[in-house]
Structures are given as structure tokens and as C-alpha cells.
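Structure data follow from coords_20.txt (compact mmCIF, C-alpha atoms):
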```
# COMPACT_ATOMS: atom_id res chain seq x y z
CA MET E 39 -31.68 35.60 -33.04
CA SER E 40 -33.89 32.95 -31.49
CA GLY E 41 -32.70 30.38 -28.95
CA THR E 42 -32.74 27.74 -31.66
CA GLY E 43 -30.61 29.93 -33.89
CA HIS E 44 -28.06 30.33 -31.07
CA ALA E 45 -27.87 26.57 -30.60
CA VAL E 46 -27.31 26.03 -34.31
CA ALA E 47 -24.65 28.71 -34.49
CA ALA E 48 -22.86 27.25 -31.47
CA ASP E 49 -22.67 23.90 -33.24
CA GLY E 50 -21.20 25.49 -36.32
CA VAL E 51 -24.02 24.29 -38.56
CA ASP E 52 -27.21 25.86 -39.90
CA GLY E 53 -30.36 25.14 -41.86
CA ALA E 54 -31.17 21.55 -42.81
CA ALA E 55 -27.74 20.33 -41.76
CA GLY E 56 -28.24 21.79 -38.29
CA GLU E 57 -31.63 20.14 -37.91
CA ALA E 58 -30.21 16.77 -38.96
CA GLU E 59 -27.36 17.10 -36.49
CA ARG E 60 -29.75 17.93 -33.63
CA LEU E 61 -31.92 14.92 -34.47
CA ARG E 62 -28.86 12.69 -34.60
CA ARG E 63 -27.74 13.82 -31.17
CA TRP E 64 -31.19 13.41 -29.65
CA ARG E 65 -31.41 9.97 -31.20
CA MET E 66 -28.11 8.99 -29.56
CA VAL E 67 -29.37 10.26 -26.21
CA LEU E 68 -32.86 8.75 -26.34
CA GLY E 69 -31.83 5.35 -27.63
CA GLY E 70 -34.21 4.82 -30.53
CA GLY E 71 -37.66 3.31 -30.85
CA GLU E 72 -40.90 4.95 -31.83
CA ALA E 73 -41.16 6.81 -28.54
CA ASP E 74 -38.07 8.97 -29.09
CA GLY E 75 -39.86 10.98 -31.78
CA THR E 76 -36.75 11.73 -33.83
CA GLY E 77 -37.41 9.41 -36.76
CA CYS E 78 -33.63 9.33 -37.19
CA ALA E 79 -31.83 6.18 -38.30
CA LEU E 80 -28.18 5.73 -37.36
CA THR E 81 -25.58 4.33 -39.71
CA GLY E 82 -21.86 3.58 -39.71
CA ARG E 83 -19.90 4.72 -36.64
CA ASP E 84 -23.00 6.18 -34.99
CA ALA E 85 -24.75 2.81 -35.18
CA GLY E 86 -21.71 1.11 -33.68
CA MET E 87 -21.54 3.57 -30.79
CA ASP E 88 -25.26 3.18 -30.17
CA ALA E 89 -25.00 -0.61 -30.09
CA ALA E 90 -22.10 -0.45 -27.60
CA LEU E 91 -24.05 1.90 -25.33
CA GLY E 92 -27.23 -0.14 -25.70
CA ALA E 93 -25.48 -3.35 -24.69
CA LEU E 94 -24.56 -1.77 -21.35
CA TYR E 95 -27.28 0.77 -20.59
CA GLY E 96 -30.31 -0.24 -22.63
CA GLY E 97 -31.91 -2.64 -20.18
CA GLY E 98 -33.69 -5.83 -21.06
CA ALA E 99 -32.67 -8.54 -23.50
CA SER E 100 -29.16 -9.91 -23.81
CA GLY E 101 -26.66 -9.74 -26.56
CA GLY E 102 -26.93 -6.07 -27.46
CA GLN E 103 -29.54 -6.77 -30.14
CA ARG E 104 -32.63 -4.76 -31.13
CA ARG E 105 -36.11 -5.56 -30.01
CA ALA E 106 -38.86 -5.67 -32.60
CA SER E 107 -39.90 -2.15 -31.59
CA GLY E 108 -36.43 -0.89 -32.46
CA GLU E 109 -35.45 0.00 -28.88
CA ARG E 110 -32.02 -0.58 -27.51
CA SER E 111 -31.62 -3.82 -25.65
CA ALA E 112 -28.99 -4.50 -23.04
CA GLY E 113 -26.77 -7.33 -22.11
CA LEU E 114 -23.43 -8.74 -23.02
CA GLY E 115 -24.64 -12.16 -22.10
CA GLY E 116 -22.29 -14.51 -20.29
CA SER E 117 -20.20 -15.00 -23.37
CA ALA E 118 -16.51 -14.08 -23.19
CA PRO E 119 -16.27 -13.60 -26.99
CA SER E 120 -19.17 -11.13 -27.04
CA VAL E 121 -17.68 -9.21 -24.09
CA ALA E 122 -14.27 -9.15 -25.76
CA ARG E 123 -15.81 -7.71 -28.92
CA TRP E 124 -17.69 -5.12 -26.87
CA LEU E 125 -14.48 -4.09 -25.07
CA GLY E 126 -12.82 -3.65 -28.43
CA ASP E 127 -15.75 -1.61 -29.72
CA ILE E 128 -15.81 0.86 -26.84
CA ARG E 129 -12.05 1.43 -27.14
CA THR E 130 -12.61 2.22 -30.80
CA TYR E 131 -15.50 4.64 -30.26
CA PHE E 132 -14.68 6.39 -26.96
CA PRO E 133 -11.65 8.05 -25.26
CA ALA E 134 -9.83 6.19 -22.46
CA PRO E 135 -11.53 7.97 -19.50
CA VAL E 136 -14.98 7.11 -20.90
CA VAL E 137 -13.86 3.53 -21.58
CA GLN E 138 -12.81 3.16 -17.95
CA VAL E 139 -16.19 4.39 -16.72
CA MET E 140 -18.05 2.02 -19.06
CA GLN E 141 -15.89 -0.92 -17.99
CA ARG E 142 -16.58 -0.15 -14.34
CA ASP E 143 -20.32 0.11 -15.03
CA ALA E 144 -20.26 -3.18 -16.93
CA ILE E 145 -18.60 -4.96 -14.03
CA GLU E 146 -21.09 -3.54 -11.53
CA ARG E 147 -24.32 -3.65 -13.59
CA LEU E 148 -23.87 -6.86 -15.56
CA GLY E 149 -21.82 -8.98 -13.17
CA LEU E 150 -18.81 -9.47 -15.41
CA SER E 151 -16.28 -9.99 -12.62
CA ALA E 152 -15.96 -13.71 -13.32
CA LEU E 153 -14.97 -13.02 -16.92
CA LEU E 154 -11.99 -10.98 -15.71
CA LEU E 155 -10.50 -14.27 -14.56
CA GLU E 156 -9.85 -15.16 -18.21
CA PRO E 157 -6.50 -13.97 -19.65
CA GLU E 158 -7.94 -12.91 -23.00
CA MET E 159 -10.42 -10.65 -21.21
CA LEU E 160 -7.71 -8.94 -19.16
CA GLU E 161 -5.69 -8.28 -22.27
CA ALA E 162 -8.68 -6.44 -23.78
CA VAL E 163 -9.53 -4.07 -20.92
CA GLU E 164 -8.27 -0.53 -20.33
CA PRO E 165 -6.38 -0.70 -17.01
CA ASP E 166 -7.11 1.82 -14.25
CA VAL E 167 -7.22 2.03 -10.45
CA HIS E 168 -10.77 0.67 -10.26
CA LEU E 169 -9.93 -2.36 -12.41
CA VAL E 170 -6.97 -3.07 -10.12
CA GLY E 171 -9.33 -2.97 -7.13
CA THR E 172 -11.65 -5.46 -8.84
CA LEU E 173 -8.76 -7.78 -9.65
CA LEU E 174 -7.53 -7.65 -6.06
CA SER E 175 -10.99 -8.57 -4.80
CA LEU E 176 -10.88 -11.62 -7.13
CA ASN E 177 -7.32 -12.50 -6.14
CA LYS E 178 -8.08 -15.69 -4.21
CA ALA E 179 -10.39 -16.99 -6.94
CA MET E 180 -7.94 -16.26 -9.74
CA PRO E 181 -6.65 -19.32 -11.62
CA GLU E 182 -2.90 -19.63 -12.22
CA THR E 183 -3.44 -19.20 -15.97
CA THR E 184 -4.74 -15.68 -15.30
CA ARG E 185 -2.43 -14.59 -12.48
CA GLU E 186 0.52 -13.42 -14.59
CA THR E 187 -1.75 -11.47 -16.94
CA ALA E 188 -3.44 -9.87 -13.93
CA ARG E 189 -0.06 -8.92 -12.46
CA ALA E 190 0.89 -7.31 -15.78
CA VAL E 191 -2.31 -5.24 -15.73
CA VAL E 192 -1.70 -4.19 -12.12
CA ARG E 193 1.95 -3.37 -12.82
CA LYS E 194 0.99 -1.11 -15.72
CA VAL E 195 -1.32 0.93 -13.47
CA VAL E 196 1.23 1.03 -10.63
CA GLU E 197 3.97 2.27 -12.96
CA GLN E 198 1.67 5.00 -14.27
CA LEU E 199 0.88 6.12 -10.71
CA GLU E 200 4.54 6.04 -9.65
CA LYS E 201 5.52 8.14 -12.63
CA LYS E 202 2.84 10.68 -11.73
CA LEU E 203 3.35 10.79 -7.95
CA ALA E 204 6.88 9.76 -7.01
CA ALA E 205 8.97 12.84 -7.89
CA ARG E 206 6.62 15.28 -6.18
CA THR E 207 6.31 13.09 -3.09
CA ARG E 208 10.09 12.76 -2.71
CA ALA E 209 10.61 16.49 -3.20
CA THR E 210 7.85 17.56 -0.80
CA VAL E 211 8.61 15.04 1.95
CA GLY E 212 12.36 15.46 1.54
CA GLY E 213 11.98 19.21 1.99
CA ALA E 214 10.00 18.61 5.17
CA LEU E 215 12.78 16.40 6.54
CA ASP E 216 15.37 19.09 5.77
CA ARG E 217 13.29 21.76 7.49
CA SER E 218 12.65 19.57 10.54
CA ALA E 219 16.41 19.36 11.20
CA ARG E 220 16.90 22.82 12.72
CA THR E 221 20.43 24.17 13.11
CA SER E 222 21.92 27.34 14.65
CA ARG E 223 24.76 27.47 12.11
CA PRO E 224 22.94 27.21 8.77
CA ARG E 225 24.40 27.92 5.40
CA HIS E 226 23.03 31.09 3.81
CA ALA E 227 20.64 29.19 1.51
CA ASP E 228 19.28 27.25 4.49
CA ILE E 229 18.45 30.19 6.81
CA ASP E 230 14.85 30.24 8.06
CA TRP E 231 14.40 34.01 7.90
CA ASN E 232 10.99 34.14 9.58
CA ARG E 233 12.21 32.29 12.68
CA THR E 234 15.52 34.18 12.65
CA VAL E 235 13.80 37.59 12.65
CA ARG E 236 11.42 36.55 15.45
CA ALA E 237 14.33 35.30 17.55
CA ASN E 238 16.26 38.57 17.13
CA LEU E 239 13.53 41.20 17.55
CA LYS E 240 15.25 42.40 20.74
CA ASN E 241 18.15 43.43 18.54
CA TYR E 242 16.11 45.89 16.48
CA LEU E 243 18.01 49.15 15.77
CA PRO E 244 15.49 51.98 15.21
CA GLU E 245 18.07 54.35 13.71
CA TYR E 246 18.84 51.82 10.99
CA ARG E 247 15.34 50.33 10.88
CA THR E 248 16.77 46.86 10.87
CA VAL E 249 17.22 43.76 13.02
CA VAL E 250 20.73 42.55 13.81
CA PRO E 251 20.61 38.74 13.55
CA GLU E 252 22.96 37.68 16.34
CA ARG E 253 21.52 34.17 16.23
CA LEU E 254 20.72 32.44 12.95
CA ILE E 255 18.12 29.69 12.75
CA GLY E 256 18.03 27.48 9.73
CA TYR E 257 17.33 24.15 8.17
CA GLY E 258 19.81 21.34 8.37
CA ARG E 259 20.31 18.96 5.50
CA ALA E 260 18.68 15.61 6.13
CA ALA E 261 21.44 13.09 6.55
CA GLN E 262 21.36 9.60 5.14
CA SER E 263 20.44 8.11 8.54
CA VAL E 264 16.81 7.55 9.43
CA LYS E 265 15.22 10.75 10.71
CA LYS E 266 11.53 9.82 10.84
CA GLU E 267 9.35 6.73 10.92
CA VAL E 268 6.06 6.38 9.04
CA VAL E 269 3.46 3.68 9.65
CA LEU E 270 0.76 3.31 7.00
CA CYS E 271 -2.15 1.34 8.48
CA ILE E 272 -4.61 0.49 5.70
CA ASP E 273 -8.16 -0.82 5.97
CA GLN E 274 -8.56 -3.45 3.24
CA SER E 275 -12.34 -3.70 3.36
CA GLY E 276 -13.96 -3.76 -0.08
CA SER E 277 -15.01 -0.10 -0.04
CA MET E 278 -11.37 1.00 0.33
CA ALA E 279 -10.06 -0.58 -2.89
CA ALA E 280 -8.78 2.60 -4.58
CA SER E 281 -7.23 3.79 -1.31
CA VAL E 282 -5.32 0.51 -0.97
CA VAL E 283 -3.87 0.96 -4.46
CA TYR E 284 -2.73 4.54 -3.89
CA ALA E 285 -1.43 3.84 -0.37
CA SER E 286 0.67 0.93 -1.63
CA VAL E 287 2.28 3.14 -4.27
CA PHE E 288 2.98 5.92 -1.76
CA GLY E 289 4.33 3.35 0.69
CA ALA E 290 6.82 2.13 -1.90
CA VAL E 291 7.88 5.71 -2.70
CA LEU E 292 8.39 6.58 0.98
CA ALA E 293 10.29 3.33 1.54
CA SER E 294 12.73 4.37 -1.18
CA MET E 295 13.76 7.42 0.90
CA ARG E 296 16.65 6.58 3.21
CA SER E 297 15.71 9.19 5.79
CA ILE E 298 12.33 7.52 6.44
CA ALA E 299 11.69 4.08 7.88
CA THR E 300 8.36 3.07 6.38
CA ARG E 301 6.09 0.30 7.62
CA LEU E 302 2.95 -0.82 5.78
CA VAL E 303 0.23 -2.74 7.61
CA VAL E 304 -3.09 -3.90 6.12
CA PHE E 305 -6.01 -5.19 8.11
CA ASP E 306 -9.55 -6.48 8.16
CA THR E 307 -10.30 -8.61 11.22
CA ALA E 308 -6.70 -9.86 10.95
CA VAL E 309 -3.50 -7.83 10.61
CA VAL E 310 -0.81 -8.41 7.97
CA ASP E 311 2.54 -6.61 7.90
CA LEU E 312 3.68 -6.16 4.28
CA THR E 313 6.73 -4.02 5.02
CA ASP E 314 9.19 -6.55 3.60
CA GLN E 315 7.42 -6.31 0.22
CA LEU E 316 7.54 -2.52 -0.09
CA ASP E 317 10.24 -2.62 -2.75
CA ASP E 318 7.53 -3.83 -5.16
CA PRO E 319 4.04 -2.33 -4.71
CA VAL E 320 2.59 -5.03 -7.00
CA ASP E 321 3.64 -7.65 -4.43
CA VAL E 322 2.07 -5.49 -1.74
CA LEU E 323 -1.22 -5.30 -3.62
CA PHE E 324 -1.37 -9.03 -4.22
CA GLY E 325 -0.66 -9.51 -0.53
CA THR E 326 -3.93 -7.79 0.35
CA GLN E 327 -7.34 -9.41 0.44
CA LEU E 328 -10.12 -6.91 -0.14
CA GLY E 329 -13.35 -7.58 1.71
CA GLY E 330 -14.20 -8.96 5.12
CA GLY E 331 -14.75 -7.25 8.44
CA THR E 332 -12.80 -4.51 10.18
CA ASP E 333 -10.91 -4.43 13.48
CA ILE E 334 -9.14 -1.06 13.69
CA ASN E 335 -8.30 -1.54 17.35
CA ARG E 336 -6.35 -4.72 16.64
CA ALA E 337 -4.48 -3.06 13.79
CA LEU E 338 -3.51 -0.04 15.91
CA ALA E 339 -2.43 -2.35 18.74
CA TYR E 340 -0.01 -4.01 16.33
CA CYS E 341 1.25 -0.66 15.05
CA GLN E 342 1.87 0.52 18.61
CA THR E 343 4.25 -2.38 19.18
CA LYS E 344 6.34 -1.26 16.19
CA ILE E 345 6.82 2.35 17.30
CA THR E 346 10.31 2.76 18.76
CA ARG E 347 10.64 6.57 18.61
CA PRO E 348 7.19 8.04 19.28
CA ALA E 349 8.20 11.68 18.88
CA ASP E 350 9.70 10.94 15.44
CA THR E 351 6.85 8.77 14.15
CA VAL E 352 3.80 9.48 12.01
CA VAL E 353 0.96 6.93 11.97
CA VAL E 354 -1.44 7.24 9.01
CA LEU E 355 -4.70 5.32 9.42
CA ILE E 356 -6.56 4.97 6.11
CA SER E 357 -10.07 3.73 6.89
CA ASP E 358 -13.77 4.56 6.68
CA LEU E 359 -13.74 4.05 10.49
CA TYR E 360 -16.48 1.42 10.62
CA GLU E 361 -15.05 -0.39 13.60
CA GLY E 362 -15.91 -4.02 14.27
CA GLY E 363 -13.55 -4.21 17.24
CA ILE E 364 -13.53 -2.39 20.57
CA ARG E 365 -14.34 1.25 19.90
CA ASN E 366 -13.27 2.75 23.24
CA GLU E 367 -10.03 0.81 23.20
CA MET E 368 -9.28 2.08 19.69
CA LEU E 369 -9.73 5.68 20.84
CA ARG E 370 -7.57 5.07 23.92
CA ARG E 371 -4.77 3.80 21.68
CA VAL E 372 -4.94 6.92 19.53
CA ALA E 373 -4.89 9.13 22.64
CA ALA E 374 -1.88 7.22 24.01
CA MET E 375 0.04 7.59 20.76
CA LYS E 376 -0.58 11.32 20.65
CA ALA E 377 0.33 11.72 24.33
CA ALA E 378 3.68 10.04 23.58
CA GLY E 379 4.35 12.60 20.83
CA THR E 380 3.35 10.51 17.79
CA GLU E 381 1.62 12.35 14.96
CA PHE E 382 -1.64 10.58 14.05
CA VAL E 383 -3.39 11.18 10.73
CA ALA E 384 -6.79 9.64 9.87
CA LEU E 385 -7.72 9.54 6.19
CA LEU E 386 -11.26 8.45 5.30
CA ALA E 387 -10.07 7.79 1.76
CA LEU E 388 -6.95 8.22 -0.34
CA SER E 389 -8.44 8.59 -3.80
CA ASP E 390 -9.85 11.08 -6.30
CA GLU E 391 -13.47 10.19 -5.51
CA GLY E 392 -14.08 12.23 -2.38
CA ALA E 393 -15.15 10.99 1.02
CA PRO E 394 -16.87 7.60 1.09
CA ALA E 395 -19.57 6.61 3.53
CA TYR E 396 -17.85 6.65 6.92
CA ASP E 397 -18.60 6.43 10.65
CA ARG E 398 -19.22 10.04 11.60
CA GLU E 399 -19.27 9.33 15.33
CA HIS E 400 -15.78 7.82 15.22
CA ALA E 401 -14.54 10.67 13.01
CA ALA E 402 -15.82 13.21 15.54
CA ALA E 403 -14.22 11.30 18.41
CA LEU E 404 -10.85 11.30 16.65
CA ALA E 405 -11.16 15.02 15.91
CA ALA E 406 -11.77 15.62 19.63
CA LEU E 407 -8.44 13.89 20.28
CA GLY E 408 -6.69 16.25 17.88
CA ALA E 409 -6.69 13.81 14.95
CA PRO E 410 -9.08 15.21 12.34
CA ALA E 411 -10.42 12.60 9.89
CA PHE E 412 -10.77 13.71 6.27
CA ALA E 413 -10.67 12.37 2.73
CA CYS E 414 -7.45 13.06 0.87
CA THR E 415 -6.70 13.12 -2.84
CA PRO E 416 -3.43 11.58 -4.07
CA ASP E 417 -2.26 15.06 -5.12
CA LEU E 418 -2.68 16.38 -1.56
CA PHE E 419 -1.08 13.41 0.21
CA PRO E 420 2.57 14.64 -0.08
CA GLU E 421 1.61 17.93 1.59
CA VAL E 422 -0.26 16.07 4.34
CA MET E 423 2.81 13.91 5.02
CA ALA E 424 5.13 16.92 4.97
CA ALA E 425 2.96 18.77 7.50
CA ALA E 426 2.76 15.72 9.77
CA LEU E 427 6.54 15.22 9.66
CA GLU E 428 7.07 18.89 10.59
CA LYS E 429 4.35 18.73 13.28
CA ARG E 430 2.43 21.64 11.80
CA PRO E 431 -1.34 21.87 11.03
CA LEU E 432 -2.49 19.49 8.34
CA PRO E 433 -3.73 20.95 5.02
CA THR E 434 -7.22 19.49 5.37
CA PRO E 435 -9.56 20.16 2.41
```

Please rewrite the model in this file as C-alpha cells.
Amino acid sequence: MSGTGHAVAADGVDGAAGEAERLRRWRMVLGGGEADGTGCALTGRDAGMDAALGALYGGGASGGQRRASGERSAGLGGSAPSVARWLGDIRTYFPAPVVQVMQRDAIERLGLSALLLEPEMLEAVEPDVHLVGTLLSLNKAMPETTRETARAVVRKVVEQLEKKLAARTRATVGGALDRSARTSRPRHADIDWNRTVRANLKNYLPEYRTVVPERLIGYGRAAQSVKKEVVLCIDQSGSMAASVVYASVFGAVLASMRSIATRLVVFDTAVVDLTDQLDDPVDVLFGTQLGGGTDINRALAYCQTKITRPADTVVVLISDLYEGGIRNEMLRRVAAMKAAGTEFVALLALSDEGAPAYDREHAAALAALGAPAFACTPDLFPEVMAAALEKRPLPTP
């Protein structure tokens, strides 16, 4: 069978119907006009989808209308009603993940940020992490009439993230706390057999081919008192928006664990301690101000003053490492923390998008100090924290 025949069979259509379907798909891809060569006219739902795509990606005139040549034209204009209709259209025609991508593209390509300050616009959008980042960047310009609607949008996203991440984080980090409390009189279920066997190798009995465990080593149960301290130090420059959202959620989850004393610090050229707001990550997020410069050294200097038990503390710096402060002093602070026994973790990003642009020289300098800098997905973060709390190698990607 020819290549064309295979394509038709794969689509589940053949003959004239298959040809019409191929032309329809090419027409949707190429956008119409005489140059696309399909000669295919769209009707009904297809025409609606095409108009929604053309308004965002077509380029040129405003209003999502057709030029005389029949080509797609772009633009949602500056009109809130036309944008609201478009938002409704894309939610009708496309699944939620595609809607979120199109919303993000509309904000970036067509400059629609100002329209998000209107309550009716916020009620029409599909909330996601990127929309929350945009709203936080507009926080100071947001009128009071919009603020409560914006908080509702942010809360919806935060609750979705907590539902997804909280249980696994508590289980993974709680297990690490249990394992870090070693005991020589463990209950049977808490025996660390690998360490016990290594400690009793001298008691190997060849005739029985076994080790006699004179000394048991096991995991204690983490008590309700504070066992470890965690400091989350978050760069709130504009490029770190998604990381700020995820870090705030994780900070709230960690703060809910009695065995961990959690501190959350955000910074640009100034430093703000948001620890007292950790019971509500929405308050934390609205306490940030995305954008501005970066002074990592100043932020780490503040964090140093809050460390009371260095050997039981983990400092997590979430930053792209573009330092506007004193570079050598920043590195000296990291070296001093590690020398005192503090675990130091540098995350270039805490998001699903991979590593952002970052200062490679600073990342290499931190790695030389024993603090590798890497991007971390939200799914990996609990394992990273567990490893840091147990002082074992980090599960870097």
C-alpha cells in the first residue's frame, strides 16, 4: 500500500472522505487564503476554532476578522468584551491544557496583562501556575475591585497544588525525619538491616553462614518536638514566578509538620520574611513582589542570622543565581554555612519547565563548595528535601 494509503488507513477513513479530511486538517494548519492551496472552506465548529486561533496567531489586523484575501487576521483588540468572548470560545473548543497555553501566549504576544485587572476577565480565564505568576506581577497595580477575584483565582490553583503535592511531601519528609533519629534499641519494624549487618560483620559464624546481630541499629520515631529546621530562600525576580508559587505551597506543607521549623524568605534587592504567613500560602504569594533586582548575598546574610542549630538546618536557595550583590561575599556565606554543618541546596528553578537561563559561573562556584545547583521539578522536591535532611547525596536530575 502506498504512503498515502497508510495515512488514510491510520485516520480510519478512505476514498473521498479521506481526501476531504486531509484537506480540512491542512486548512486548519495553514490558516486559509489563496496561498494555502487547499480550496477548503470551514464551517460550524471548525470555523469557530479557526477564528479563535487566528485572533491569537494570525498576525496583522485586530479583532479576529478576515482580510479581503481570506487570510487569518490576528488581534483581540483592546476590548475587554472581545477578549472575554475569545476566552469563552477557546474553553469551548480546546481542552484545559491547550487553553492554558493559549492564554499564556495571549498575555505575552498581545499585551493583555492590563485586562486581567478587570474582575470579569479573571472570572473567564482558566487558572494555572503561569496565570498566578502574572497576577502576582500585577499585584501592586491591582485595583481593590479586582483583588478579591484575583485571590480566588490564586486560591483555586494553590488548593489544586496542595492536593497534588502535600500527602507525598509529608510522607517522604516524615520518613526522612524518622530515619535520621537513629536508635540502638529499635522496634523490629524500625531496624535498619543494612547498617545492622555492617556493624556486626565481626560476628559472622561461618558454620551457620549467618551474622549474629549483637547490636541493633534502627530508626527512631520522630517525636513531636522540632527535629530539623528548613529555610526556604526564594528569589522573587520576574523569571522565577512559577518557582515562587511552588515554593510557597511547599513551604506551607512543611510548616504544617511539627517536627520541622520552617522559615520562608523572599528577596530581590530587599529581603522580606514571610514566615508568619505560612499557614496560608495565598497570603505568602500576595506578600511577594515579582520583578526588580537581585541581591542573593543580602538574603543569605539574613538567613544566617536565623540559623540557631546549624547541624540540624537545611537552607534551600531557589534562584537563577544572577547576583546583583557582592559575589565573593555570597560564596563565603555559603562556605561558612556548610563548614558549620548546615546542608545547603541551590535550585535554579522549582517548576515543570526545566532549567531557566542562569549564571553558570555562580553555579559552578557553588558546586565547587559542595552545593550543586540544579533545576528541580515539583515531583522531585520531596526526595531532595528528604536527602538533605538525612545528609545523603541529593537526587539531582

What lies within 12 Å of Glu146 of chain E using all atoms listed in the file, ignoring chain neighbours under 5 positions off, as a PyMOL selection string? chain E and resi 94-95+139-141+151-152+168-169+172

So which one's closest to Leu338 of chain E, E:Val137, E:Val383, E:Cys271, E:Leu388? Using all atoms listed in the file, please.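 Residue with the minimum atom-to-atom distance to Leu338 of chain E: E:Cys271.
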
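Relative to atom CA of Arg430 of chain E, atom CA of Val235 of chain E is found at 19.6 Å.
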
- prompt: Which neighbours of Ala411 of chain E fall inside 8 Å, counting all atoms listed in the file, when residues of the same chain fewer than 5 positions from it are skipped, and could you give them as a count of residues only?
  reply: 8

Closest of E:Leu355, E:Ala58, E:Leu154, E:Ala237 to Val249 of chain E - atom-to-atom distances counting only C-alpha atoms: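 Using only C-alpha atoms, Val249 of chain E sits closest to E:Ala237.
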
- Message: Calculated over only C-alpha atoms, which of the candidates E:Met423, E:Tyr131, E:Arg60, E:Ser294 has the smallest distance to Ala89 of chain E?
- Response: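 Among the listed residues, E:Tyr131 lies closest to Ala89 of chain E.
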
Judged by only C-alpha atoms, the minimum distance to Asn241 of chain E among E:Lys266, E:Asp311, E:Ala280, E:Arg253 is found for E:Arg253

Please list as an MDAnalysis selection string every residue within 10 Å of Ser286 of chain E, counting all atoms listed in the file and excluding residues in the same chain fewer than 6 positions away. chainID E and resid 196 270 272 292 302:304 312 316 318:323

Take the residues from that selection and put them in a file with C-alpha atoms, as a tab-separated table (two decimals), in the frame of the given file.
```
chain	number	residue	atom	x	y	z
E	196	VAL	CA	1.23	1.03	-10.63
E	270	LEU	CA	0.76	3.31	7.00
E	272	ILE	CA	-4.61	0.49	5.70
E	292	LEU	CA	8.39	6.58	0.98
E	302	LEU	CA	2.95	-0.82	5.78
E	303	VAL	CA	0.23	-2.74	7.61
E	304	VAL	CA	-3.09	-3.90	6.12
E	312	LEU	CA	3.68	-6.16	4.28
E	316	LEU	CA	7.54	-2.52	-0.09
E	318	ASP	CA	7.53	-3.83	-5.16
E	319	PRO	CA	4.04	-2.33	-4.71
E	320	VAL	CA	2.59	-5.03	-7.00
E	321	ASP	CA	3.64	-7.65	-4.43
E	322	VAL	CA	2.07	-5.49	-1.74
E	323	LEU	CA	-1.22	-5.30	-3.62
```

**Message:** Can you measure atom CA of Leu155 of chain E to atom CA of Gly289 of chain E for me? One decimal in Å is fine.
**Reply:**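 Atom CA of Gly289 of chain E lies at a distance of 27.6 Å from atom CA of Leu155 of chain E.
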
Item to check | d(atom CA of Val352 of chain E, atom CA of Thr380 of chain E) in Å | outcome: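 Atom-to-atom, atom CA of Val352 of chain E to atom CA of Thr380 of chain E, that is 5.9 Å.
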
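Restricting the calculation to all atoms listed in the file, the smallest distance between Gly331 of chain E and any of E:Phe305, E:Trp64, E:Phe382, E:Trp124 is found for E:Phe305.
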
Using all atoms listed in the file, the best pick from E:Leu61, E:Met375, E:Val211, E:Ala144 as closest to Leu418 of chain E would be E:Val211

Q.
So that I can check the surroundings of Gly363 of chain E, please list as a VMD selection string every protein, DNA and RNA residue that reaches within 9 Å of it, counting all atoms listed in the file and ignoring chain neighbours fewer than 6 positions away.
A. chain E and resid 307 332 to 336

Might you pull out every residue within 12 Å of Glu381 of chain E, with only C-alpha atoms counted and same-chain residues fewer than 5 positions away left off, and present them as an MDAnalysis selection string?
chainID E and resid 266:269 345 347:355 372:376 407:410 422:432

Export of the given selection (C-alpha atoms) as a compact mmCIF listing (two decimals), keeping the file's coordinate frame:
```txt
# COMPACT_ATOMS: atom_id res chain seq x y z
CA LYS E 266 11.53 9.82 10.84
CA GLU E 267 9.35 6.73 10.92
CA VAL E 268 6.06 6.38 9.04
CA VAL E 269 3.46 3.68 9.65
CA ILE E 345 6.82 2.35 17.30
CA ARG E 347 10.64 6.57 18.61
CA PRO E 348 7.19 8.04 19.28
CA ALA E 349 8.20 11.68 18.88
CA ASP E 350 9.70 10.94 15.44
CA THR E 351 6.85 8.77 14.15
CA VAL E 352 3.80 9.48 12.01
CA VAL E 353 0.96 6.93 11.97
CA VAL E 354 -1.44 7.24 9.01
CA LEU E 355 -4.70 5.32 9.42
CA VAL E 372 -4.94 6.92 19.53
CA ALA E 373 -4.89 9.13 22.64
CA ALA E 374 -1.88 7.22 24.01
CA MET E 375 0.04 7.59 20.76
CA LYS E 376 -0.58 11.32 20.65
CA LEU E 407 -8.44 13.89 20.28
CA GLY E 408 -6.69 16.25 17.88
CA ALA E 409 -6.69 13.81 14.95
CA PRO E 410 -9.08 15.21 12.34
CA VAL E 422 -0.26 16.07 4.34
CA MET E 423 2.81 13.91 5.02
CA ALA E 424 5.13 16.92 4.97
CA ALA E 425 2.96 18.77 7.50
CA ALA E 426 2.76 15.72 9.77
CA LEU E 427 6.54 15.22 9.66
CA GLU E 428 7.07 18.89 10.59
CA LYS E 429 4.35 18.73 13.28
CA ARG E 430 2.43 21.64 11.80
CA PRO E 431 -1.34 21.87 11.03
CA LEU E 432 -2.49 19.49 8.34
```

Select from segment 252-357 of chain E every residue with an atom at most 12 Å from any atom of segment 175-178 of chain E, then for each give the shortest pair of atoms and their distance in Å to one decimal, using only C-alpha atoms, rows by chain and rising number, as JSON lines.
```
{"residue": "E:Gln274", "atom": "CA", "partner": "E:Ser175", "partner_atom": "CA", "distance": 9.8}
{"residue": "E:Ser275", "atom": "CA", "partner": "E:Ser175", "partner_atom": "CA", "distance": 9.6}
{"residue": "E:Gly276", "atom": "CA", "partner": "E:Ser175", "partner_atom": "CA", "distance": 7.4}
{"residue": "E:Ser277", "atom": "CA", "partner": "E:Ser175", "partner_atom": "CA", "distance": 10.5}
{"residue": "E:Met278", "atom": "CA", "partner": "E:Ser175", "partner_atom": "CA", "distance": 10.9}
{"residue": "E:Ala279", "atom": "CA", "partner": "E:Ser175", "partner_atom": "CA", "distance": 8.3}
{"residue": "E:Ala280", "atom": "CA", "partner": "E:Ser175", "partner_atom": "CA", "distance": 11.4}
{"residue": "E:Val282", "atom": "CA", "partner": "E:Ser175", "partner_atom": "CA", "distance": 11.4}
{"residue": "E:Val283", "atom": "CA", "partner": "E:Ser175", "partner_atom": "CA", "distance": 11.9}
{"residue": "E:Leu323", "atom": "CA", "partner": "E:Asn177", "partner_atom": "CA", "distance": 9.8}
{"residue": "E:Phe324", "atom": "CA", "partner": "E:Asn177", "partner_atom": "CA", "distance": 7.2}
{"residue": "E:Gly325", "atom": "CA", "partner": "E:Asn177", "partner_atom": "CA", "distance": 9.2}
{"residue": "E:Thr326", "atom": "CA", "partner": "E:Asn177", "partner_atom": "CA", "distance": 8.7}
{"residue": "E:Gln327", "atom": "CA", "partner": "E:Ser175", "partner_atom": "CA", "distance": 6.4}
{"residue": "E:Leu328", "atom": "CA", "partner": "E:Ser175", "partner_atom": "CA", "distance": 5.0}
{"residue": "E:Gly329", "atom": "CA", "partner": "E:Ser175", "partner_atom": "CA", "distance": 7.0}
{"residue": "E:Gly330", "atom": "CA", "partner": "E:Ser175", "partner_atom": "CA", "distance": 10.4}
```
